[in-house]
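Enquirer: Contents of coords_5.cif (mmCIF, C-alpha atoms) are below:
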data_run
#
loop_
_atom_site.group_PDB
_atom_site.id
_atom_site.type_symbol
_atom_site.label_atom_id
_atom_site.label_comp_id
_atom_site.auth_asym_id
_atom_site.auth_seq_id
_atom_site.Cartn_x
_atom_site.Cartn_y
_atom_site.Cartn_z
ATOM 1 C CA MET A 1 142.408 273.876 14.902
ATOM 2 C CA SER A 2 143.188 274.685 18.514
ATOM 3 C CA THR A 3 144.049 272.158 21.170
ATOM 4 C CA PRO A 4 141.322 271.803 23.815
ATOM 5 C CA LYS A 5 142.269 273.129 27.246
ATOM 6 C CA LYS A 6 143.046 270.510 29.828
ATOM 7 C CA LYS A 7 140.439 270.404 32.605
ATOM 8 C CA PRO A 8 141.922 271.026 36.084
ATOM 9 C CA GLY A 9 142.185 268.002 38.334
ATOM 10 C CA LEU A 10 140.065 267.315 41.385
ATOM 11 C CA LEU A 11 142.604 268.723 43.862
ATOM 12 C CA TRP A 12 143.684 271.758 41.816
ATOM 13 C CA LEU A 13 142.483 274.244 44.448
ATOM 14 C CA LEU A 14 144.931 272.873 47.018
ATOM 15 C CA PHE A 15 147.922 273.619 44.800
ATOM 16 C CA TYR A 16 146.753 276.673 42.835
ATOM 17 C CA GLY A 17 148.313 280.072 43.507
ATOM 18 C CA ARG A 18 151.623 281.130 44.946
ATOM 19 C CA ARG A 19 153.908 278.563 46.456
ATOM 20 C CA ARG A 20 153.562 278.210 50.220
ATOM 21 C CA ARG A 21 156.431 277.685 52.618
ATOM 22 C CA GLY A 22 156.443 275.977 55.959
ATOM 23 C CA PHE A 23 154.138 273.529 57.653
ATOM 24 C CA PRO A 24 150.327 273.983 57.290
ATOM 25 C CA TRP A 25 149.618 274.459 61.004
ATOM 26 C CA LEU A 26 145.988 275.495 60.540
ATOM 27 C CA LEU A 27 145.184 272.330 58.583
ATOM 28 C CA ALA A 28 146.982 270.179 61.164
ATOM 29 C CA GLY A 29 145.124 271.923 63.985
ATOM 30 C CA VAL A 30 141.731 271.401 62.373
ATOM 31 C CA LEU A 31 142.461 267.727 61.677
ATOM 32 C CA GLY A 32 143.715 267.269 65.250
ATOM 33 C CA ALA A 33 140.604 268.950 66.664
ATOM 34 C CA LEU A 34 138.390 266.696 64.539
ATOM 35 C CA LEU A 35 140.244 263.629 65.787
ATOM 36 C CA VAL A 36 139.920 264.672 69.448
ATOM 37 C CA LEU A 37 136.248 265.562 68.999
ATOM 38 C CA GLY A 38 135.547 262.227 67.320
ATOM 39 C CA LEU A 39 137.340 260.309 70.058
ATOM 40 C CA THR A 40 135.352 262.061 72.795
ATOM 41 C CA PHE A 41 132.158 260.695 71.292
ATOM 42 C CA ALA A 42 133.586 257.180 71.611
ATOM 43 C CA ILE A 43 134.032 257.601 75.372
ATOM 44 C CA PRO A 44 130.978 256.630 77.438
ATOM 45 C CA GLY A 45 129.392 259.856 78.663
ATOM 46 C CA GLY A 46 131.303 261.992 76.160
ATOM 47 C CA VAL A 47 128.143 263.035 74.367
ATOM 48 C CA ASP A 48 126.650 264.384 77.599
ATOM 49 C CA VAL A 49 129.808 266.378 78.283
ATOM 50 C CA TRP A 50 129.608 267.973 74.835
ATOM 51 C CA ARG A 51 125.947 268.839 75.387
ATOM 52 C CA ALA A 52 127.034 270.846 78.427
ATOM 53 C CA ILE A 53 130.089 272.463 76.811
ATOM 54 C CA ALA A 54 128.763 273.161 73.297
ATOM 55 C CA PRO A 55 126.658 276.293 74.049
ATOM 56 C CA ALA A 56 129.566 278.028 75.784
ATOM 57 C CA LEU A 57 132.022 276.948 73.087
ATOM 58 C CA PHE A 58 129.777 278.209 70.282
ATOM 59 C CA GLY A 59 129.224 281.472 72.144
ATOM 60 C CA VAL A 60 132.977 282.014 72.477
ATOM 61 C CA LEU A 61 133.484 281.211 68.781
ATOM 62 C CA ILE A 62 130.770 283.666 67.693
ATOM 63 C CA VAL A 63 132.062 286.463 69.932
ATOM 64 C CA GLY A 64 135.631 285.819 68.761
ATOM 65 C CA ALA A 65 134.597 285.942 65.109
ATOM 66 C CA LEU A 66 132.693 289.196 65.655
ATOM 67 C CA LEU A 67 135.661 290.757 67.456
ATOM 68 C CA ALA A 68 138.052 289.652 64.703
ATOM 69 C CA ALA A 69 135.749 291.161 62.060
ATOM 70 C CA LEU A 70 135.505 294.410 64.038
ATOM 71 C CA VAL A 71 139.272 294.680 64.453
ATOM 72 C CA ALA A 72 139.825 293.893 60.778
ATOM 73 C CA SER A 73 137.355 296.578 59.697
ATOM 74 C CA LEU A 74 138.835 299.262 61.962
ATOM 75 C CA ARG A 75 142.505 298.528 61.331
ATOM 76 C CA PRO A 76 143.843 300.211 58.179
ATOM 77 C CA ARG A 77 145.321 298.009 55.477
ATOM 78 C CA ARG A 78 149.064 298.093 54.887
ATOM 79 C CA ARG A 79 150.140 299.657 51.632
ATOM 80 C CA ARG A 80 152.649 297.779 49.551
#
Do you think you could lay out the structure here as structure tokens?

Expert:
Amino acid sequence: MSTPKKKPGLLWLLFYGRRRRGFPWLLAGVLGALLVLGLTFAIPGGVDVWRAIAPALFGVLIVGALLAALVASLRPRRRR
């Protein structure tokens, strides 16, 4: 009779794979951006400012993502 496999925990994806070194700057940046964005909505008039800025910000994000995808598709992969 075989032993049943242990089911992975709830946070297994965060720690699965090769060991990482250094500080997770991307995670810290995203959490910091969320904190700043949330605090701007607490300021009176902050919502109106975001209504004015949001279209330009989303446009820059979309163009940046398209450019990154184009560069990644044109640049040859490194051989190991």

Enquirer: Please indicate the distance in Å from atom CA of Phe23 of chain A to atom CA of Pro76 of chain A, rounded to one decimal place.

Expert: 28.6 Å

Enquirer: Find the distance between atom CA of Leu34 of chain A and atom CA of Gly22 of chain A and write it in Å to one decimal.

Expert: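 A separation of 22.0 Å between them.
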
Enquirer: Which of these residues is nearest to Leu37 of chain A, using all atoms listed in the file: A:Phe58, A:Trp12, A:Trp50, A:Trp25?

Expert: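 Of the candidates, the smallest distance to Leu37 of chain A is held by A:Trp50.
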
Enquirer: What does the distance from atom CA of Leu66 of chain A to atom CA of Ala54 of chain A come to in Å, to one decimal?

Expert: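 These atoms are spaced 18.2 Å apart.
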
Enquirer: Could you work out an axis-aligned bounding box for all listed atoms of segment 56-66 of chain A, with 5 Å added on each of the six sides, and give its centre and edge lengths in Å to one decimal, as lines of an AutoDock Vina configuration file?

Expert:
center_x = 132.4
center_y = 283.1
center_z = 70.4
size_x = 16.4
size_y = 22.2
size_z = 20.7

Enquirer: Kindly output segment 67-78 of chain A as a PDB file, in the coordinates of the input, after building all heavy atoms.

Expert:
ATOM      1  N   LEU A  67     134.563 289.875  67.062  1.00  0.00           N
ATOM      2  CA  LEU A  67     135.661 290.757  67.456  1.00  0.00           C
ATOM      3  C   LEU A  67     136.745 290.812  66.374  1.00  0.00           C
ATOM      4  O   LEU A  67     137.281 291.886  66.086  1.00  0.00           O
ATOM      5  CB  LEU A  67     136.263 290.294  68.779  1.00  0.00           C
ATOM      6  CG  LEU A  67     135.449 290.611  70.022  1.00  0.00           C
ATOM      7  CD1 LEU A  67     136.102 289.992  71.259  1.00  0.00           C
ATOM      8  CD2 LEU A  67     135.289 292.100  70.201  1.00  0.00           C
ATOM      9  N   ALA A  68     137.055 289.673  65.780  1.00  0.00           N
ATOM     10  CA  ALA A  68     138.052 289.652  64.703  1.00  0.00           C
ATOM     11  C   ALA A  68     137.576 290.465  63.505  1.00  0.00           C
ATOM     12  O   ALA A  68     138.359 291.196  62.895  1.00  0.00           O
ATOM     13  CB  ALA A  68     138.347 288.215  64.285  1.00  0.00           C
ATOM     14  N   ALA A  69     136.290 290.376  63.178  1.00  0.00           N
ATOM     15  CA  ALA A  69     135.749 291.161  62.060  1.00  0.00           C
ATOM     16  C   ALA A  69     135.773 292.650  62.387  1.00  0.00           C
ATOM     17  O   ALA A  69     136.081 293.482  61.522  1.00  0.00           O
ATOM     18  CB  ALA A  69     134.325 290.707  61.752  1.00  0.00           C
ATOM     19  N   LEU A  70     135.479 293.007  63.627  1.00  0.00           N
ATOM     20  CA  LEU A  70     135.505 294.410  64.038  1.00  0.00           C
ATOM     21  C   LEU A  70     136.927 294.975  63.984  1.00  0.00           C
ATOM     22  O   LEU A  70     137.149 296.065  63.451  1.00  0.00           O
ATOM     23  CB  LEU A  70     134.929 294.550  65.446  1.00  0.00           C
ATOM     24  CG  LEU A  70     134.848 295.955  66.008  1.00  0.00           C
ATOM     25  CD1 LEU A  70     133.813 296.757  65.226  1.00  0.00           C
ATOM     26  CD2 LEU A  70     134.497 295.913  67.475  1.00  0.00           C
ATOM     27  N   VAL A  71     137.877 294.231  64.481  1.00  0.00           N
ATOM     28  CA  VAL A  71     139.272 294.680  64.453  1.00  0.00           C
ATOM     29  C   VAL A  71     139.758 294.801  63.011  1.00  0.00           C
ATOM     30  O   VAL A  71     140.438 295.765  62.652  1.00  0.00           O
ATOM     31  CB  VAL A  71     140.160 293.722  65.271  1.00  0.00           C
ATOM     32  CG1 VAL A  71     141.640 293.968  65.014  1.00  0.00           C
ATOM     33  CG2 VAL A  71     139.861 293.849  66.745  1.00  0.00           C
ATOM     34  N   ALA A  72     139.392 293.845  62.177  1.00  0.00           N
ATOM     35  CA  ALA A  72     139.825 293.893  60.778  1.00  0.00           C
ATOM     36  C   ALA A  72     139.210 295.072  60.041  1.00  0.00           C
ATOM     37  O   ALA A  72     139.845 295.652  59.150  1.00  0.00           O
ATOM     38  CB  ALA A  72     139.453 292.588  60.073  1.00  0.00           C
ATOM     39  N   SER A  73     137.991 295.455  60.385  1.00  0.00           N
ATOM     40  CA  SER A  73     137.355 296.578  59.697  1.00  0.00           C
ATOM     41  C   SER A  73     137.892 297.920  60.178  1.00  0.00           C
ATOM     42  O   SER A  73     137.910 298.890  59.419  1.00  0.00           O
ATOM     43  CB  SER A  73     135.838 296.525  59.869  1.00  0.00           C
ATOM     44  OG  SER A  73     135.506 296.767  61.211  1.00  0.00           O
ATOM     45  N   LEU A  74     138.330 298.000  61.416  1.00  0.00           N
ATOM     46  CA  LEU A  74     138.835 299.262  61.962  1.00  0.00           C
ATOM     47  C   LEU A  74     140.316 299.487  61.681  1.00  0.00           C
ATOM     48  O   LEU A  74     140.765 300.625  61.609  1.00  0.00           O
ATOM     49  CB  LEU A  74     138.596 299.315  63.473  1.00  0.00           C
ATOM     50  CG  LEU A  74     137.139 299.349  63.909  1.00  0.00           C
ATOM     51  CD1 LEU A  74     137.046 299.328  65.430  1.00  0.00           C
ATOM     52  CD2 LEU A  74     136.433 300.567  63.343  1.00  0.00           C
ATOM     53  N   ARG A  75     141.067 298.415  61.548  1.00  0.00           N
ATOM     54  CA  ARG A  75     142.505 298.528  61.331  1.00  0.00           C
ATOM     55  C   ARG A  75     142.790 298.846  59.866  1.00  0.00           C
ATOM     56  O   ARG A  75     142.290 298.160  58.975  1.00  0.00           O
ATOM     57  CB  ARG A  75     143.156 297.199  61.704  1.00  0.00           C
ATOM     58  CG  ARG A  75     144.612 297.287  61.924  1.00  0.00           C
ATOM     59  CD  ARG A  75     145.145 295.989  62.460  1.00  0.00           C
ATOM     60  NE  ARG A  75     146.333 295.698  61.678  1.00  0.00           N
ATOM     61  CZ  ARG A  75     146.625 294.551  61.120  1.00  0.00           C
ATOM     62  NH1 ARG A  75     145.814 293.545  61.257  1.00  0.00           N
ATOM     63  NH2 ARG A  75     147.709 294.402  60.442  1.00  0.00           N
ATOM     64  N   PRO A  76     143.570 299.878  59.590  1.00  0.00           N
ATOM     65  CA  PRO A  76     143.843 300.211  58.179  1.00  0.00           C
ATOM     66  C   PRO A  76     144.737 299.160  57.523  1.00  0.00           C
ATOM     67  O   PRO A  76     145.562 298.529  58.186  1.00  0.00           O
ATOM     68  CB  PRO A  76     144.564 301.556  58.263  1.00  0.00           C
ATOM     69  CG  PRO A  76     145.118 301.622  59.633  1.00  0.00           C
ATOM     70  CD  PRO A  76     144.205 300.800  60.498  1.00  0.00           C
ATOM     71  N   ARG A  77     144.517 298.975  56.234  1.00  0.00           N
ATOM     72  CA  ARG A  77     145.321 298.009  55.477  1.00  0.00           C
ATOM     73  C   ARG A  77     146.721 298.564  55.242  1.00  0.00           C
ATOM     74  O   ARG A  77     146.902 299.769  55.082  1.00  0.00           O
ATOM     75  CB  ARG A  77     144.682 297.723  54.124  1.00  0.00           C
ATOM     76  CG  ARG A  77     143.377 296.974  54.273  1.00  0.00           C
ATOM     77  CD  ARG A  77     142.804 296.665  52.936  1.00  0.00           C
ATOM     78  NE  ARG A  77     143.679 295.690  52.275  1.00  0.00           N
ATOM     79  CZ  ARG A  77     143.437 295.184  51.077  1.00  0.00           C
ATOM     80  NH1 ARG A  77     142.390 295.544  50.416  1.00  0.00           N
ATOM     81  NH2 ARG A  77     144.257 294.325  50.552  1.00  0.00           N
ATOM     82  N   ARG A  78     147.690 297.689  55.190  1.00  0.00           N
ATOM     83  CA  ARG A  78     149.064 298.093  54.887  1.00  0.00           C
ATOM     84  C   ARG A  78     149.195 298.325  53.395  1.00  0.00           C
ATOM     85  O   ARG A  78     148.681 297.556  52.585  1.00  0.00           O
ATOM     86  CB  ARG A  78     150.049 297.012  55.309  1.00  0.00           C
ATOM     87  CG  ARG A  78     150.249 296.965  56.797  1.00  0.00           C
ATOM     88  CD  ARG A  78     151.331 296.003  57.120  1.00  0.00           C
ATOM     89  NE  ARG A  78     150.775 294.645  56.973  1.00  0.00           N
ATOM     90  CZ  ARG A  78     151.418 293.533  57.242  1.00  0.00           C
ATOM     91  NH1 ARG A  78     152.659 293.581  57.633  1.00  0.00           N
ATOM     92  NH2 ARG A  78     150.847 292.376  57.100  1.00  0.00           N
TER      93      ARG A  78
END
